[in-house]
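Peer 1: Sharing start39.tsv (TSV, C-alpha atoms and all ligand atoms) below.
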```tsv
chain	number	residue	atom	x	y	z
G	1	MET	CA	-2.74	21.06	-14.52
G	2	ILE	CA	-0.17	18.27	-14.83
G	3	ASN	CA	0.62	16.35	-11.66
G	4	LEU	CA	4.41	16.13	-12.05
G	5	TYR	CA	4.51	12.88	-10.08
G	6	ASP	CA	2.41	11.26	-12.83
G	7	LEU	CA	5.29	11.58	-15.30
G	8	THR	CA	7.98	9.07	-16.10
G	9	GLN	CA	11.48	10.43	-16.74
G	10	ASP	CA	10.74	10.13	-20.48
G	11	ASP	CA	7.45	12.03	-20.12
G	12	LEU	CA	9.28	14.77	-18.25
G	13	SER	CA	11.98	14.96	-20.92
G	14	ALA	CA	9.31	15.27	-23.62
G	15	LEU	CA	7.46	17.99	-21.72
G	16	LEU	CA	10.58	20.08	-21.17
G	17	ALA	CA	11.88	19.50	-24.69
G	18	GLY	CA	8.52	20.79	-25.95
G	19	TRP	CA	9.20	23.98	-23.99
G	20	GLY	CA	12.57	24.31	-25.72
G	21	GLU	CA	14.60	23.39	-22.64
G	22	PRO	CA	17.99	21.70	-23.01
G	23	GLY	CA	18.16	17.93	-22.56
G	24	TYR	CA	19.75	17.97	-19.11
G	25	ARG	CA	16.87	19.83	-17.49
G	26	ALA	CA	14.68	16.74	-17.12
G	27	ARG	CA	17.35	15.07	-15.01
G	28	GLN	CA	17.66	18.20	-12.87
G	29	VAL	CA	13.92	18.40	-12.26
G	30	TRP	CA	13.75	14.65	-11.56
G	31	THR	CA	16.51	15.03	-8.98
G	32	TRP	CA	14.62	17.85	-7.30
G	33	LEU	CA	11.43	15.82	-7.24
G	34	TYR	CA	12.77	12.52	-5.97
G	35	LYS	CA	16.24	12.97	-4.48
G	36	HIS	CA	15.64	16.28	-2.72
G	37	LYS	CA	11.87	15.79	-2.50
G	38	ALA	CA	11.39	19.52	-3.06
G	39	ALA	CA	7.98	20.73	-1.92
G	40	ALA	CA	7.96	23.87	-4.08
G	41	PHE	CA	9.39	25.02	-7.40
G	42	ASP	CA	11.11	27.95	-5.68
G	43	ALA	CA	13.39	25.48	-3.93
G	44	MET	CA	14.75	24.22	-7.28
G	45	SER	CA	17.62	26.66	-7.17
G	46	ASN	CA	19.60	25.53	-10.21
G	47	LEU	CA	16.64	26.00	-12.57
G	48	PRO	CA	16.22	29.33	-14.37
G	49	LYS	CA	13.53	31.53	-12.89
G	50	ASP	CA	11.38	31.51	-16.02
G	51	LEU	CA	11.37	27.70	-16.08
G	52	ARG	CA	10.30	27.62	-12.46
G	53	ALA	CA	7.50	30.03	-13.31
G	54	ARG	CA	6.39	27.93	-16.25
G	55	LEU	CA	6.46	24.77	-14.16
G	56	SER	CA	4.28	26.37	-11.52
G	57	GLU	CA	1.80	27.56	-14.15
G	58	ALA	CA	1.46	24.30	-16.02
G	59	THR	CA	2.15	21.68	-13.37
G	60	THR	CA	1.67	21.02	-9.69
G	61	LEU	CA	3.46	19.28	-6.82
G	62	HIS	CA	0.58	19.95	-4.51
G	63	VAL	CA	-1.60	16.91	-4.93
G	64	LEU	CA	-2.15	15.86	-1.32
G	65	GLU	CA	-3.73	18.21	1.19
G	66	PRO	CA	-3.25	16.88	4.73
G	67	VAL	CA	-6.54	17.07	6.61
G	68	ALA	CA	-5.68	14.97	9.64
G	69	GLU	CA	-2.47	13.68	11.19
G	70	GLN	CA	-2.34	11.31	14.11
G	71	HIS	CA	0.58	10.00	16.13
G	72	SER	CA	0.42	6.74	18.02
G	73	ILE	CA	1.08	6.96	21.75
G	74	ASP	CA	4.47	5.29	21.35
G	75	GLY	CA	5.31	7.82	18.61
G	76	GLU	CA	6.36	5.08	16.22
G	77	THR	CA	3.42	5.32	13.85
G	78	VAL	CA	2.09	8.41	12.10
G	79	LYS	CA	-1.03	8.36	10.03
G	80	TRP	CA	-2.25	10.99	7.57
G	81	LEU	CA	-5.56	11.57	5.93
G	82	PHE	CA	-5.01	13.40	2.64
G	83	GLU	CA	-7.59	15.18	0.51
G	84	LEU	CA	-7.22	14.91	-3.28
G	85	TYR	CA	-8.13	17.58	-5.83
G	86	ASP	CA	-11.71	16.35	-6.08
G	87	GLY	CA	-12.34	16.02	-2.36
G	88	GLN	CA	-11.62	12.29	-2.13
G	89	LEU	CA	-9.88	11.22	1.08
G	90	ILE	CA	-7.10	8.65	1.35
G	91	GLU	CA	-4.87	7.39	4.13
G	92	SER	CA	-1.11	6.88	4.35
G	93	VAL	CA	0.82	5.53	7.34
G	94	LEU	CA	4.49	5.79	8.28
G	95	MET	CA	5.87	3.12	10.59
G	96	HIS	CA	9.20	3.19	12.45
G	97	TYR	CA	10.62	-0.14	13.46
G	98	GLU	CA	13.35	-0.82	16.01
G	99	ASP	CA	15.81	-1.65	13.31
G	100	GLU	CA	16.52	0.84	10.55
G	101	ARG	CA	13.32	0.06	8.68
G	102	ARG	CA	11.00	2.93	7.88
G	103	THR	CA	7.91	1.71	6.10
G	104	ALA	CA	5.24	3.69	4.23
G	105	CYS	CA	1.84	2.08	3.89
G	106	ILE	CA	0.08	3.78	1.01
G	107	SER	CA	-3.27	3.78	-0.78
G	108	THR	CA	-3.95	2.93	-4.41
G	109	GLN	CA	-7.67	3.78	-4.65
G	110	ALA	CA	-10.21	6.00	-2.93
G	111	GLY	CA	-12.41	3.32	-1.40
G	112	CYS	CA	-12.39	-0.22	-2.76
G	113	ALA	CA	-14.68	-2.26	-4.98
G	114	MET	CA	-13.81	-5.67	-3.51
G	115	GLY	CA	-16.26	-5.59	-0.62
G	116	CYS	CA	-14.41	-7.71	1.96
G	117	VAL	CA	-16.84	-7.65	4.87
G	118	PHE	CA	-14.27	-7.16	7.66
G	119	CYS	CA	-12.55	-4.19	6.01
G	120	ALA	CA	-13.35	-0.53	6.75
G	121	THR	CA	-12.36	0.49	3.20
G	122	GLY	CA	-14.47	-2.27	1.68
G	123	GLN	CA	-17.40	-1.06	3.74
G	124	MET	CA	-17.13	2.39	2.06
G	125	GLY	CA	-17.40	1.09	-1.48
G	126	PHE	CA	-15.40	2.29	-4.47
G	127	ALA	CA	-14.96	5.96	-5.36
G	128	ARG	CA	-12.15	6.02	-7.93
G	129	HIS	CA	-8.68	4.83	-8.88
G	130	LEU	CA	-5.70	6.96	-7.86
G	131	SER	CA	-3.39	8.10	-10.61
G	132	ALA	CA	0.24	6.94	-10.55
G	133	GLY	CA	1.19	10.42	-9.39
G	134	GLU	CA	-1.25	10.33	-6.49
G	135	ILE	CA	0.32	7.05	-5.39
G	136	VAL	CA	3.88	8.37	-5.84
G	137	ALA	CA	3.05	11.63	-4.03
G	138	GLN	CA	2.22	9.67	-0.87
G	139	VAL	CA	5.66	8.05	-0.96
G	140	VAL	CA	7.40	11.38	-1.61
G	141	THR	CA	5.49	13.13	1.19
G	142	LEU	CA	6.36	10.48	3.77
G	143	ALA	CA	9.96	10.21	2.55
G	144	ARG	CA	10.27	14.01	2.78
G	145	ARG	CA	9.13	13.89	6.39
G	146	LEU	CA	11.81	11.31	7.16
G	147	GLN	CA	14.48	13.20	5.24
G	148	ALA	CA	13.86	16.24	7.46
G	149	GLN	CA	14.86	14.00	10.38
G	150	ASP	CA	17.92	12.61	8.55
G	151	GLU	CA	16.16	9.33	8.02
G	152	ARG	CA	15.45	7.39	4.87
G	153	LEU	CA	12.34	5.63	3.71
G	154	SER	CA	13.37	2.00	3.21
G	155	ASN	CA	10.14	0.09	2.56
G	156	VAL	CA	6.80	0.64	0.88
G	157	VAL	CA	3.75	-1.57	1.33
G	158	LEU	CA	0.71	-1.10	-0.90
G	159	MET	CA	-1.61	-2.02	1.91
G	160	GLY	CA	-3.53	1.18	2.49
G	161	MET	CA	-6.92	1.84	0.98
G	162	GLY	CA	-7.83	0.05	-2.23
G	163	GLU	CA	-6.86	-2.97	-4.26
G	164	PRO	CA	-3.56	-2.26	-6.07
G	165	LEU	CA	-4.06	-4.88	-8.77
G	166	HIS	CA	-7.52	-3.50	-9.62
G	167	ASN	CA	-5.66	-0.27	-10.46
G	168	TYR	CA	-2.91	-2.18	-12.25
G	169	ASP	CA	-1.39	0.34	-14.66
G	170	ALA	CA	-1.16	3.21	-12.19
G	171	THR	CA	0.25	0.90	-9.52
G	172	LEU	CA	2.93	-0.43	-11.85
G	173	ALA	CA	3.85	3.05	-13.08
G	174	ALA	CA	4.14	4.21	-9.46
G	175	ILE	CA	6.35	1.24	-8.56
G	176	ARG	CA	8.65	2.00	-11.49
G	177	THR	CA	9.07	5.56	-10.24
G	178	MET	CA	9.68	4.40	-6.67
G	179	ILE	CA	12.48	2.01	-7.66
G	180	ASP	CA	14.32	4.45	-9.91
G	181	PRO	CA	17.89	4.54	-8.55
G	182	ASP	CA	18.26	8.17	-9.65
G	183	GLY	CA	15.22	9.11	-7.59
G	184	LEU	CA	13.54	7.59	-4.56
G	185	GLY	CA	15.67	4.47	-4.92
G	186	ILE	CA	13.42	2.12	-2.96
G	187	GLY	CA	14.70	-1.46	-3.34
G	188	GLN	CA	12.33	-3.65	-5.36
G	189	ARG	CA	12.53	-6.30	-2.69
G	190	HIS	CA	11.43	-3.71	-0.15
G	191	ILE	CA	8.15	-3.03	-1.94
G	192	THR	CA	5.16	-5.22	-1.12
G	193	VAL	CA	2.08	-5.44	-3.31
G	194	SER	CA	-0.81	-6.74	-1.24
G	195	THR	CA	-3.74	-8.19	-3.16
G	196	VAL	CA	-7.12	-9.65	-2.42
G	197	GLY	CA	-6.29	-12.25	-5.09
G	198	LEU	CA	-6.98	-11.02	-8.63
G	199	VAL	CA	-5.63	-14.05	-10.45
G	200	PRO	CA	-4.99	-12.68	-13.97
G	201	ALA	CA	-3.27	-9.61	-12.51
G	202	ILE	CA	-1.02	-11.77	-10.30
G	203	ARG	CA	0.06	-13.71	-13.38
G	204	ARG	CA	0.69	-10.47	-15.22
G	205	LEU	CA	2.72	-9.03	-12.34
G	206	ALA	CA	4.82	-12.20	-12.33
G	207	ARG	CA	5.96	-11.31	-15.85
G	208	GLU	CA	6.93	-7.67	-15.29
G	209	GLY	CA	10.55	-8.56	-14.61
G	210	LEU	CA	10.29	-7.11	-11.11
G	211	GLN	CA	11.39	-8.45	-7.73
G	212	VAL	CA	8.62	-6.95	-5.63
G	213	ARG	CA	7.12	-8.96	-2.82
G	214	LEU	CA	3.64	-10.35	-3.38
G	215	ALA	CA	1.35	-10.56	-0.36
G	216	VAL	CA	-1.97	-12.33	-0.79
G	217	SER	CA	-4.81	-11.69	1.64
G	218	LEU	CA	-6.08	-15.20	2.12
G	219	HIS	CA	-7.92	-15.29	5.50
G	220	ALA	CA	-9.63	-18.60	4.63
G	221	ALA	CA	-8.47	-21.80	2.93
G	222	ASP	CA	-11.94	-23.10	2.15
G	223	ASP	CA	-13.95	-21.66	-0.75
G	224	ALA	CA	-17.28	-21.44	1.04
G	225	GLU	CA	-15.72	-19.65	4.02
G	226	ARG	CA	-13.61	-17.35	1.88
G	227	SER	CA	-16.48	-16.42	-0.42
G	228	ALA	CA	-18.61	-15.52	2.59
G	229	SER	CA	-16.24	-12.73	3.68
G	230	MET	CA	-14.41	-11.98	0.41
G	231	PRO	CA	-16.77	-11.81	-2.60
G	232	VAL	CA	-13.83	-11.88	-5.04
G	233	ASN	CA	-13.38	-15.53	-4.17
G	234	ARG	CA	-16.49	-16.42	-6.17
G	235	LYS	CA	-14.67	-15.26	-9.28
G	236	TYR	CA	-11.20	-16.53	-8.37
G	237	PRO	CA	-11.50	-19.49	-6.02
G	238	VAL	CA	-8.73	-20.63	-3.69
G	239	ARG	CA	-7.18	-23.29	-5.93
G	240	GLN	CA	-6.85	-20.89	-8.86
G	241	LEU	CA	-5.38	-18.31	-6.53
G	242	ILE	CA	-2.76	-20.68	-5.12
G	243	ALA	CA	-1.87	-21.81	-8.65
G	244	ALA	CA	-1.23	-18.15	-9.57
G	245	CYS	CA	0.95	-17.80	-6.45
G	246	ARG	CA	2.99	-20.84	-7.51
G	247	ASP	CA	3.38	-19.19	-10.88
G	248	TYR	CA	4.55	-15.98	-9.17
G	249	PHE	CA	7.18	-17.95	-7.28
G	250	GLU	CA	8.32	-19.80	-10.40
G	251	GLN	CA	8.63	-16.61	-12.42
G	252	THR	CA	10.27	-14.41	-9.81
G	253	GLY	CA	11.91	-16.79	-7.34
G	254	ARG	CA	10.24	-14.83	-4.58
G	255	ARG	CA	8.50	-16.51	-1.69
G	256	VAL	CA	4.87	-15.40	-1.42
G	257	THR	CA	3.46	-13.87	1.76
G	258	PHE	CA	-0.04	-14.81	2.90
G	259	GLU	CA	-2.01	-12.50	5.13
G	260	TRP	CA	-4.40	-14.08	7.61
G	261	ALA	CA	-6.52	-11.81	9.82
G	262	LEU	CA	-7.41	-13.96	12.80
G	263	ILE	CA	-11.09	-13.65	13.67
G	264	TYR	CA	-12.19	-15.20	16.93
G	265	LYS	CA	-13.72	-18.64	16.34
G	266	ALA	CA	-14.29	-17.86	12.64
G	267	ASN	CA	-10.91	-18.80	11.12
G	268	ASP	CA	-8.58	-19.28	14.09
G	269	THR	CA	-8.96	-22.94	15.13
G	270	PRO	CA	-6.19	-25.55	14.81
G	271	GLU	CA	-8.31	-27.15	12.04
G	272	HIS	CA	-8.18	-23.90	10.08
G	273	ALA	CA	-4.40	-23.83	10.55
G	274	GLU	CA	-4.15	-27.43	9.31
G	275	ALA	CA	-6.20	-26.57	6.23
G	276	LEU	CA	-3.93	-23.60	5.53
G	277	ALA	CA	-0.79	-25.74	5.94
G	278	HIS	CA	-2.23	-28.32	3.58
G	279	LEU	CA	-3.03	-25.65	0.99
G	280	LEU	CA	0.48	-24.17	1.08
G	281	LYS	CA	2.27	-27.51	0.87
G	282	GLY	CA	5.28	-27.26	-1.44
G	283	LEU	CA	4.88	-23.52	-2.05
G	284	PRO	CA	7.68	-21.40	-0.52
G	285	SER	CA	5.67	-19.00	1.57
G	286	HIS	CA	5.45	-16.93	4.68
G	287	VAL	CA	2.31	-16.34	6.71
G	288	ASN	CA	1.52	-13.07	8.46
G	289	LEU	CA	-0.98	-13.53	11.26
G	290	ILE	CA	-2.83	-10.37	12.23
G	291	PRO	CA	-5.50	-10.39	14.94
G	292	LEU	CA	-8.56	-8.74	13.37
G	293	ASN	CA	-8.82	-4.97	13.71
G	294	PRO	CA	-12.45	-4.46	14.75
G	295	THR	CA	-14.45	-2.19	12.42
G	296	GLY	CA	-17.91	-0.67	12.79
G	297	GLY	CA	-19.52	-2.61	9.97
G	298	PHE	CA	-18.45	-6.11	11.01
G	299	ASP	CA	-19.12	-7.87	14.27
G	300	GLY	CA	-16.14	-10.27	14.35
G	301	ALA	CA	-13.64	-10.05	17.23
G	302	PRO	CA	-9.85	-10.46	17.25
G	303	SER	CA	-8.47	-13.82	18.37
G	304	SER	CA	-6.92	-14.00	21.84
G	305	PRO	CA	-3.11	-14.24	22.10
G	306	GLU	CA	-3.47	-17.91	23.13
G	307	ARG	CA	-5.44	-18.77	20.00
G	308	VAL	CA	-2.98	-16.82	17.83
G	309	ASP	CA	-0.12	-18.77	19.36
G	310	ALA	CA	-1.83	-22.12	18.88
G	311	PHE	CA	-2.52	-21.27	15.24
G	312	ARG	CA	1.09	-20.34	14.66
G	313	ALA	CA	2.30	-23.52	16.37
G	314	VAL	CA	0.34	-25.66	13.91
G	315	LEU	CA	1.92	-23.82	10.97
G	316	GLU	CA	5.35	-24.23	12.51
G	317	SER	CA	4.80	-27.95	12.95
G	318	HIS	CA	4.44	-28.01	9.16
G	319	SER	CA	7.60	-25.89	8.74
G	320	ILE	CA	5.64	-22.91	7.47
G	321	PRO	CA	7.23	-19.70	8.75
G	322	ALA	CA	4.66	-17.47	10.38
G	323	THR	CA	4.96	-14.06	12.01
G	324	VAL	CA	2.42	-12.49	14.29
G	325	ARG	CA	2.18	-8.90	13.16
G	326	VAL	CA	1.94	-6.36	15.88
G	327	ARG	CA	-1.08	-4.22	15.30
G	328	ARG	CA	0.69	-0.96	14.79
G	329	GLY	CA	-0.95	2.26	15.77
G	330	ILE	CA	-4.14	0.61	16.91
G	331	ASP	CA	-4.76	3.68	19.08
G	332	ILE	CA	-4.82	5.90	15.99
G	333	GLN	CA	-7.20	3.94	13.80
G	334	ALA	CA	-4.23	2.73	11.77
G	335	GLY	CA	-6.28	-0.12	10.38
G	336	CYS	CA	-7.02	0.34	6.69
G	337	GLY	CA	-9.81	2.87	6.14
G	338	GLN	CA	-10.36	3.55	9.80
G	339	LEU	CA	-9.08	7.11	10.15
G	340	LYS	CA	-11.23	8.22	7.26
G	341	THR	CA	-14.26	6.57	8.83
G	342	GLU	CA	-13.52	8.40	12.06
G	343	VAL	CA	-13.04	11.81	10.38
G	344	MET	CA	-16.22	11.33	8.32
G	345	ARG	CA	-18.17	10.53	11.45
G	346	ARG	CA	-16.98	13.79	13.00
G	347	ARG	CA	-17.56	15.81	9.87
G	348	LYS	CA	-21.07	14.48	9.58
G	349	GLY	CA	-21.62	15.67	13.13
G	350	GLN	CA	-20.67	19.16	11.95
G	351	GLY	CA	-22.96	18.93	8.96
G	352	VAL	CA	-20.06	18.81	6.50
G	353	ILE	CA	-20.17	15.77	4.30
G	354	HIS	CA	-17.18	15.52	2.03
G	355	TYR	CA	-17.53	12.07	0.65
G	356	SER	CA	-20.35	9.83	-0.39
G	401	LIG	N1	-6.62	-4.56	-1.08
G	401	LIG	C1	-5.39	-5.15	-0.69
G	401	LIG	C2	-4.50	-4.22	0.12
G	401	LIG	C3	-5.17	-3.34	1.12
G	401	LIG	S1	-5.86	-4.15	2.52
G	401	LIG	C4	-5.64	-6.44	0.05
G	401	LIG	O1	-6.78	-6.72	0.40
G	401	LIG	O2	-4.68	-7.17	0.24
G	401	LIG	C5	-4.39	-4.53	3.47
G	401	LIG	C6	-4.55	-5.74	4.38
G	401	LIG	O3	-5.39	-5.44	5.49
G	401	LIG	C7	-5.16	-6.96	3.70
G	401	LIG	O4	-4.43	-8.11	4.04
G	401	LIG	C8	-6.54	-6.99	4.31
G	401	LIG	O5	-7.13	-8.26	4.22
G	401	LIG	C9	-6.26	-6.52	5.70
G	401	LIG	N2	-7.41	-6.06	6.46
G	401	LIG	C10	-8.47	-5.36	6.02
G	401	LIG	N3	-9.32	-5.12	7.03
G	401	LIG	C11	-8.78	-5.67	8.14
G	401	LIG	C12	-9.19	-5.76	9.51
G	401	LIG	N4	-10.32	-5.22	9.91
G	401	LIG	N5	-8.37	-6.40	10.36
G	401	LIG	C13	-7.20	-6.95	9.95
G	401	LIG	N6	-6.76	-6.91	8.68
G	401	LIG	C14	-7.55	-6.27	7.78
G	402	LIG	FE1	-10.41	-3.85	-0.65
G	402	LIG	FE2	-8.29	-5.02	0.50
G	402	LIG	FE3	-10.27	-3.98	1.99
G	402	LIG	FE4	-10.73	-6.20	0.58
G	402	LIG	S1	-9.29	-5.94	2.29
G	402	LIG	S2	-12.08	-4.42	0.70
G	402	LIG	S3	-9.51	-5.78	-1.22
G	402	LIG	S4	-8.89	-2.85	0.66
```
What would you get if you wrote out this structure as structure tokens?
Ligand code: SAH
Ligand code: SF4

Peer 2:
Amino acid sequence: MINLYDLTQDDLSALLAGWGEPGYRARQVWTWLYKHKAAAFDAMSNLPKDLRARLSEATTLHVLEPVAEQHSIDGETVKWLFELYDGQLIESVLMHYEDERRTACISTQAGCAMGCVFCATGQMGFARHLSAGEIVAQVVTLARRLQAQDERLSNVVLMGMGEPLHNYDATLAAIRTMIDPDGLGIGQRHITVSTVGLVPAIRRLAREGLQVRLAVSLHAADDAERSASMPVNRKYPVRQLIAACRDYFEQTGRRVTFEWALIYKANDTPEHAEALAHLLKGLPSHVNLIPLNPTGGFDGAPSSPERVDAFRAVLESHSIPATVRVRRGIDIQAGCGQLKTEVMRRRKGQGVIHYS
């Protein structure tokens, strides 16, 4: 069964041409998939009935089975747990901001191989890569939900489960589908690729001719400290990582975002902020400060608002723009990997284990 969301427009043209369909059909199907976000072939009313039948025999649109949906108390964040064809579970989150922004946070892998100690997904280990179509389907599903409310998905962040640059080809193919102006039409500058810091892949991304935003999960400026919580740092130490970020800026002209999860007394002192400022000297950047989301497998605590403020003040004194990110949907386990952990805990209680 072909997942239709895996196909580029060219792939779709080739498939339909092989079935003897006229050239304009691919454009029609593409429009149904990404402009109308049709959930079923029956809805594709300008396609002949026999083509619809053939599409439903040979291909599928049904690649994500929702198994849990949670709404934050303020109603501004919705989180889904989706089951894939082989039983793997992934999370996607839709966030409404006060302005017009509607942001989808989507997954690129089931689990993650990078093993960051503070991360619920890292604590699960790696199951498999998602296909491009499984990544795209998350965007379509969330955009469809918004469309039903006369709203439009404006932003996508690849900050759900998994490391996007470890699944490079599928991630790039998915981004190319998302930015297609004849389809979903998400602005390149409104797509953020968040990475743990895979240096060769950052350099490769810099040369794709794209304008996507790069966010690097730094969390420590010192190699010994970073390696202790993020094993990837042993392979790609901080200086190499920052050099790749400079390269990204030089190639794309885009300021790099650095993510810093503030962990009480571990990386939240003014000295840590000074070290970060020193590291970023001369690199156009932006720092996102996020108080740690506590997870079962890690005993760190989030920094207090006073410590967060003091940290930000040090960065500001060095003219480094920093934003404290509100922890969205904290009441619905909206931290990466947390809803799945919660559902698995409950399923285990019922004797049903879906995932190992
Ligand atoms: N693998 C990519 C993207 C997914 S993780 C990456 O690591 O960048 C998305 C973000 O959530 C990363 O910045 C990650 O460091 C952060 N994160 C993971 N666990 C967290 C936690 N418990 N509290 C706060 N941020 C966390
Ligand atoms: Fe993987 Fe990102 Fe979690 Fe690290 S923080 S384990 S890279 S998902």

Peer 1: Taking all atoms listed in the file into account, which residues are within 8 Å of ligand LIG 402 (chain G), as a list of chain:residue names?

Peer 2: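 What falls inside 8 Å of ligand LIG 402 (chain G) is G:Gly111, G:Cys112, G:Ala113, G:Met114, G:Gly115, G:Cys116, G:Val117, G:Phe118, G:Cys119, G:Ala120, G:Thr121, G:Gly122, G:Gln123, G:Gly125, G:Met159, G:Gly160, G:Met161, G:Gly162, G:Glu163, G:Ser194, G:Thr195, G:Val196, G:Ser217, G:Met230, G:Cys336, G:Gly337.
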
Peer 1: With distances taken over all atoms listed in the file, which of G:Leu89, G:Val212, G:Ile202, G:Val67 is nearest to Gln188 of chain G?

Peer 2: G:Val212

Peer 1: So, counting all atoms listed in the file, which residue among G:His190, G:Lys37, G:Arg325, G:Arg144 is closest to ligand LIG 401 (chain G)?

Peer 2: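 Nearest candidate to ligand LIG 401 (chain G) out of G:His190, G:Lys37, G:Arg325, G:Arg144: G:Arg325.
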
Peer 1: Calculate how many Å separate atom CA of Glu151 of chain G from atom CA of Thr103 of chain G, rounding to one decimal.

Peer 2: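 Distance reported for this atom pair: 11.4 Å.
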
Peer 1: For segment 114-125 of chain G, take all atoms listed in the file, fit an axis-aligned box around them, add 4 Å to each of the six sides, then output centre and edge lengths in Å rounded to one decimal, as JSON.

Peer 2:
```
{"center_x": -14.9, "center_y": -2.7, "center_z": 2.1, "size_x": 13.0, "size_y": 18.1, "size_z": 19.2}
```
